[in-house]
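A.B. asks: I'd like to ask you about the structure that follows.
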Amino acid sequence: MGDTAGVMVAVDGGQLWAEERGSGEGPPLVLLHPGVGDSEIWDPVLDALASRRRVIRYDVRGYGRSPAPEGPYRQDADLAVLLDHFGVTRAVLVGNSMGGSTAIAYTLDHPEQVAALGLLVPGVAGYPEPDPPELAAQVEPLALAGDLDGLADLAMSWWGGAGTPPDTEARRLLRGVLKGWFTSYQHEQQLPSCFERLGELTLPCSLLLGELDQRVVVDRNEVIAARIPGCRLVRAGACDHFPTLRVPGAVVELVEELYLRLG
């Protein structure tokens, strides 16, 4: 299929903005963005990926061009509707951080619909070690004060360690989704616990770990990779929580290597 303009996809009680580009052999490539940016975060790698693949990217509810949620929803259920809309019966899923959590959950429940899995500094639902409590303690007063610039500065200090100030593009992307954090929080339903089921993922899988990410994320990524059978662990020394901005070439290489493993 050729390039198409972005469309609004109806999901239960809401809408998702999505875009399809490119064409090529093999299963379509579906890109799932992180919580620190919307689907624009794929811009540095999109042309390279779409030159060889059919690529679909989208904004989750409340992010980018997707309207804020008005009722309960779950991200893996929205992904199922999106794939059905585009007629995708089998895909390669590549998810960054929050998007990685969704990709893992979807793959565990729909293994026949996922050909390969790419995880960029991912989370996973049900991981036993919580995020550092000091982060929530710092976020709360800024959120209560509506200080989005302060929140952006804080978030960049946590997840943007590979950047050089003012790190304009990463900060712009992050600042742009902060309202989405709050509009989505009260409506988003948690994904089912997946951590103890990682051993069920027997498909081709690669995980990119950013060595300059938060230590808790690095540790979690090492554990996730070790629990997924045959997972290829890629260590990116100059990378934090923004792999497509920091190491776009490594991201493209990871995706292409996944397709090679499909045969």
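Quick note on naming: the chains in the structure tokens go A, B, ... in the order shown, residues restart at 1 in each chain, and ligands are numbered from 1 in order of appearance.
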Any chance you could list, as a short mmCIF file (atom, residue, chain, number, x, y, z; two decimals) with N, CA and C atoms, in the first residue's frame, the residues in segment 38-239 of chain A that come up strand (DSSP E or B) when DSSP is run on the backbone?

C.D. replies:
```cif
data_model
loop_
_atom_site.label_atom_id
_atom_site.label_comp_id
_atom_site.auth_asym_id
_atom_site.auth_seq_id
_atom_site.Cartn_x
_atom_site.Cartn_y
_atom_site.Cartn_z
N VAL A 55 4.42 0.98 7.36
CA VAL A 55 4.59 1.45 8.74
C VAL A 55 3.32 2.17 9.20
N ILE A 56 2.88 1.84 10.40
CA ILE A 56 1.73 2.50 11.03
C ILE A 56 2.18 3.05 12.37
N ARG A 57 1.91 4.33 12.58
CA ARG A 57 2.16 4.92 13.90
C ARG A 57 0.89 5.63 14.35
N TYR A 58 0.76 5.82 15.66
CA TYR A 58 -0.46 6.45 16.15
C TYR A 58 -0.20 7.12 17.49
N TYR A 73 -10.61 3.19 29.35
CA TYR A 73 -10.03 2.52 28.18
C TYR A 73 -8.78 1.79 28.62
N ALA A 91 1.61 -8.49 12.70
CA ALA A 91 2.44 -7.28 12.68
C ALA A 91 3.75 -7.50 13.40
N VAL A 92 4.70 -6.64 13.09
CA VAL A 92 5.89 -6.45 13.93
C VAL A 92 5.61 -5.24 14.80
N LEU A 93 5.63 -5.41 16.11
CA LEU A 93 5.37 -4.32 17.04
C LEU A 93 6.69 -3.79 17.59
N VAL A 94 6.87 -2.47 17.56
CA VAL A 94 8.04 -1.83 18.17
C VAL A 94 7.53 -0.76 19.11
N GLY A 95 7.79 -0.94 20.40
CA GLY A 95 7.28 -0.02 21.40
C GLY A 95 8.37 0.59 22.25
N ASN A 96 8.26 1.90 22.48
CA ASN A 96 9.21 2.66 23.28
C ASN A 96 8.59 2.92 24.65
N VAL A 114 1.34 -11.38 16.28
CA VAL A 114 2.60 -10.63 16.37
C VAL A 114 3.74 -11.50 15.87
N ALA A 115 4.40 -11.02 14.81
CA ALA A 115 5.49 -11.77 14.19
C ALA A 115 6.81 -11.58 14.91
N ALA A 116 7.04 -10.37 15.43
CA ALA A 116 8.29 -10.05 16.13
C ALA A 116 8.04 -8.83 17.01
N LEU A 117 8.91 -8.67 17.99
CA LEU A 117 8.71 -7.64 19.01
C LEU A 117 10.00 -6.88 19.23
N GLY A 118 9.93 -5.54 19.05
CA GLY A 118 11.06 -4.67 19.34
C GLY A 118 10.74 -3.79 20.53
N LEU A 119 11.60 -3.78 21.52
CA LEU A 119 11.36 -3.05 22.77
C LEU A 119 12.48 -2.03 22.97
N LEU A 120 12.10 -0.76 23.05
CA LEU A 120 13.06 0.31 23.27
C LEU A 120 12.87 0.85 24.67
N GLU A 188 -7.44 5.83 32.25
CA GLU A 188 -6.71 4.67 31.74
C GLU A 188 -6.74 3.52 32.73
N CYS A 205 12.66 -11.35 19.29
CA CYS A 205 12.52 -10.17 20.14
C CYS A 205 13.89 -9.53 20.34
N SER A 206 13.93 -8.20 20.28
CA SER A 206 15.14 -7.44 20.58
C SER A 206 14.78 -6.31 21.51
N LEU A 207 15.69 -6.01 22.43
CA LEU A 207 15.47 -4.94 23.41
C LEU A 207 16.67 -4.00 23.40
N LEU A 208 16.40 -2.72 23.18
CA LEU A 208 17.44 -1.70 23.23
C LEU A 208 17.43 -1.03 24.59
N LEU A 209 18.57 -1.07 25.25
CA LEU A 209 18.74 -0.50 26.59
C LEU A 209 19.61 0.75 26.49
N GLY A 210 19.16 1.85 27.07
CA GLY A 210 19.94 3.08 27.08
C GLY A 210 20.81 3.16 28.32
N ARG A 232 17.40 -10.58 22.07
CA ARG A 232 18.68 -9.94 21.74
C ARG A 232 18.74 -8.60 22.49
N LEU A 233 19.72 -8.45 23.35
CA LEU A 233 19.89 -7.23 24.13
C LEU A 233 20.90 -6.33 23.44
N VAL A 234 20.48 -5.10 23.13
CA VAL A 234 21.34 -4.10 22.48
C VAL A 234 21.62 -3.01 23.50
N ARG A 235 22.88 -2.81 23.84
CA ARG A 235 23.25 -1.76 24.79
C ARG A 235 23.71 -0.52 24.03
N ALA A 236 23.01 0.59 24.23
CA ALA A 236 23.34 1.83 23.54
C ALA A 236 23.97 2.79 24.54
#
```

A.B. asks: Name all residues at most 12 Å from Arg215 of chain A (count only C-alpha atoms; drop same-chain ones fewer than 6 positions away) and give them as an MDAnalysis selection string.

C.D. replies: chainID A and resid 121 131:132 158:159 161 209 221:222 240:241

A.B. asks: Keeping only N, CA and C atoms, write the selected residues to a file as a compact mmCIF listing (two decimals), in the first residue's frame.

C.D. replies:
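Below is the file selection21.txt, written as the result:
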```txt
# COMPACT_ATOMS: atom_id res chain seq x y z
N VAL A 121 13.86 0.69 25.53
CA VAL A 121 13.82 1.08 26.95
C VAL A 121 12.42 0.83 27.53
N ASP A 131 8.73 2.33 40.78
CA ASP A 131 9.55 3.49 40.45
C ASP A 131 10.00 4.19 41.73
N PRO A 132 11.12 4.90 41.70
CA PRO A 132 11.62 5.56 42.91
C PRO A 132 10.57 6.50 43.51
N TRP A 158 15.32 13.47 34.75
CA TRP A 158 15.20 12.04 35.02
C TRP A 158 15.47 11.19 33.79
N TRP A 159 14.93 11.61 32.63
CA TRP A 159 14.93 10.72 31.47
C TRP A 159 15.74 11.24 30.30
N GLY A 161 19.14 12.15 30.24
CA GLY A 161 20.53 12.24 30.64
C GLY A 161 21.55 12.24 29.52
N LEU A 209 18.57 -1.07 25.25
CA LEU A 209 18.74 -0.50 26.59
C LEU A 209 19.61 0.75 26.49
N ASN A 221 15.31 -3.24 32.40
CA ASN A 221 15.49 -3.72 31.04
C ASN A 221 16.37 -4.96 30.98
N GLU A 222 17.39 -5.00 31.82
CA GLU A 222 18.24 -6.20 31.86
C GLU A 222 17.44 -7.42 32.31
N ASP A 240 19.45 7.54 26.33
CA ASP A 240 18.63 7.61 27.54
C ASP A 240 17.24 7.08 27.21
N HIS A 241 16.17 7.82 27.61
CA HIS A 241 14.81 7.36 27.39
C HIS A 241 14.25 7.82 26.04
```

A.B. asks: Which residue is closest to Ala103 of chain A? Choose from A:Val247, A:Ala162, A:Val30, A:Leu260 and count only C-alpha atoms.

C.D. replies: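 Among A:Val247, A:Ala162, A:Val30, A:Leu260, it is A:Val30 that comes nearest to Ala103 of chain A.
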
A.B. asks: If you count only C-alpha atoms, which residues fall within 12 Å of Gly150 of chain A, apart from same-chain ones fewer than 3 positions away, as a ChimeraX atom specification?

C.D. replies: /A:138-147,153-157,171,174-175,178

A.B. asks: Neighbouring residues of His85 of chain A were defined as those with any atom within 10 Å, considering only C-alpha atoms; residues of the same chain fewer than 6 positions away were excluded. Please report them as an MDAnalysis selection string.

C.D. replies: chainID A and resid 9:11 79

A.B. asks: Just list the residues in segment 11-164 of chain A DSSP gives helix (DSSP H, G or I) on the backbone, as a VMD selection string.

C.D. replies: chain A and resid 39 to 50 75 to 85 98 to 109 111 to 113 133 to 144 148 to 159

A.B. asks: Would you compute the distance between atom CA of Glu19 of chain A and atom CA of Asp167 of chain A? Give it in Å to one decimal.

C.D. replies: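 These two atoms are separated by 26.8 Å.
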
A.B. asks: Out of A:Ala225, A:Leu212, A:Met98, A:Leu254, which residue has the shortest atom-to-atom distance to Val36 of chain A when counting only C-alpha atoms?

C.D. replies: A:Met98

A.B. asks: With only C-alpha atoms as the counted atoms, please give the residues lying no more than 9 Å from Tyr63 of chain A, apart from itself and same-chain residues fewer than 3 positions off, as a list in words.

C.D. replies: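 Selected residues are Gly35, Gly37, Asp38, Ser39, Asp59, Val60, Ser66, Pro67, Ala68, Gly176, Val177, Leu178, Lys179, Gly180, Trp181 and Ser184 of chain A.
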
A.B. asks: Create the file for the chosen residues now, containing C-alpha atoms and written as a short mmCIF file (atom, residue, chain, number, x, y, z; two decimals), in the first residue's frame.

C.D. replies:
```cif
data_model
loop_
_atom_site.label_atom_id
_atom_site.label_comp_id
_atom_site.auth_asym_id
_atom_site.auth_seq_id
_atom_site.Cartn_x
_atom_site.Cartn_y
_atom_site.Cartn_z
CA GLY A 35 4.89 8.51 27.68
CA GLY A 37 6.48 11.97 23.68
CA ASP A 38 3.77 11.36 21.11
CA SER A 39 4.03 9.70 17.69
CA ASP A 59 -1.11 8.67 19.16
CA VAL A 60 -2.65 7.11 22.25
CA SER A 66 -5.69 12.07 19.59
CA PRO A 67 -8.47 13.61 21.72
CA ALA A 68 -8.33 13.25 25.49
CA GLY A 176 3.89 18.69 24.59
CA VAL A 177 2.53 15.56 26.25
CA LEU A 178 2.41 16.68 29.88
CA LYS A 179 -1.28 17.60 29.69
CA GLY A 180 -1.90 14.10 28.35
CA TRP A 181 -0.47 12.65 31.55
CA SER A 184 -5.44 10.21 30.73
#
```

A.B. asks: Which is closer to Phe195 of chain A than all the others in A:Thr168, A:Gly160, A:Gly230, A:Tyr127, using only C-alpha atoms?

C.D. replies: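 Checking each of A:Thr168, A:Gly160, A:Gly230, A:Tyr127 against Phe195 of chain A, counting only C-alpha atoms, the winner is A:Tyr127.
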
A.B. asks: Counting only C-alpha atoms, figure out which residue out of A:Leu135, A:Ile224, A:Leu83, A:Ala125 gets nearest to Pro27 of chain A.

C.D. replies: A:Leu83
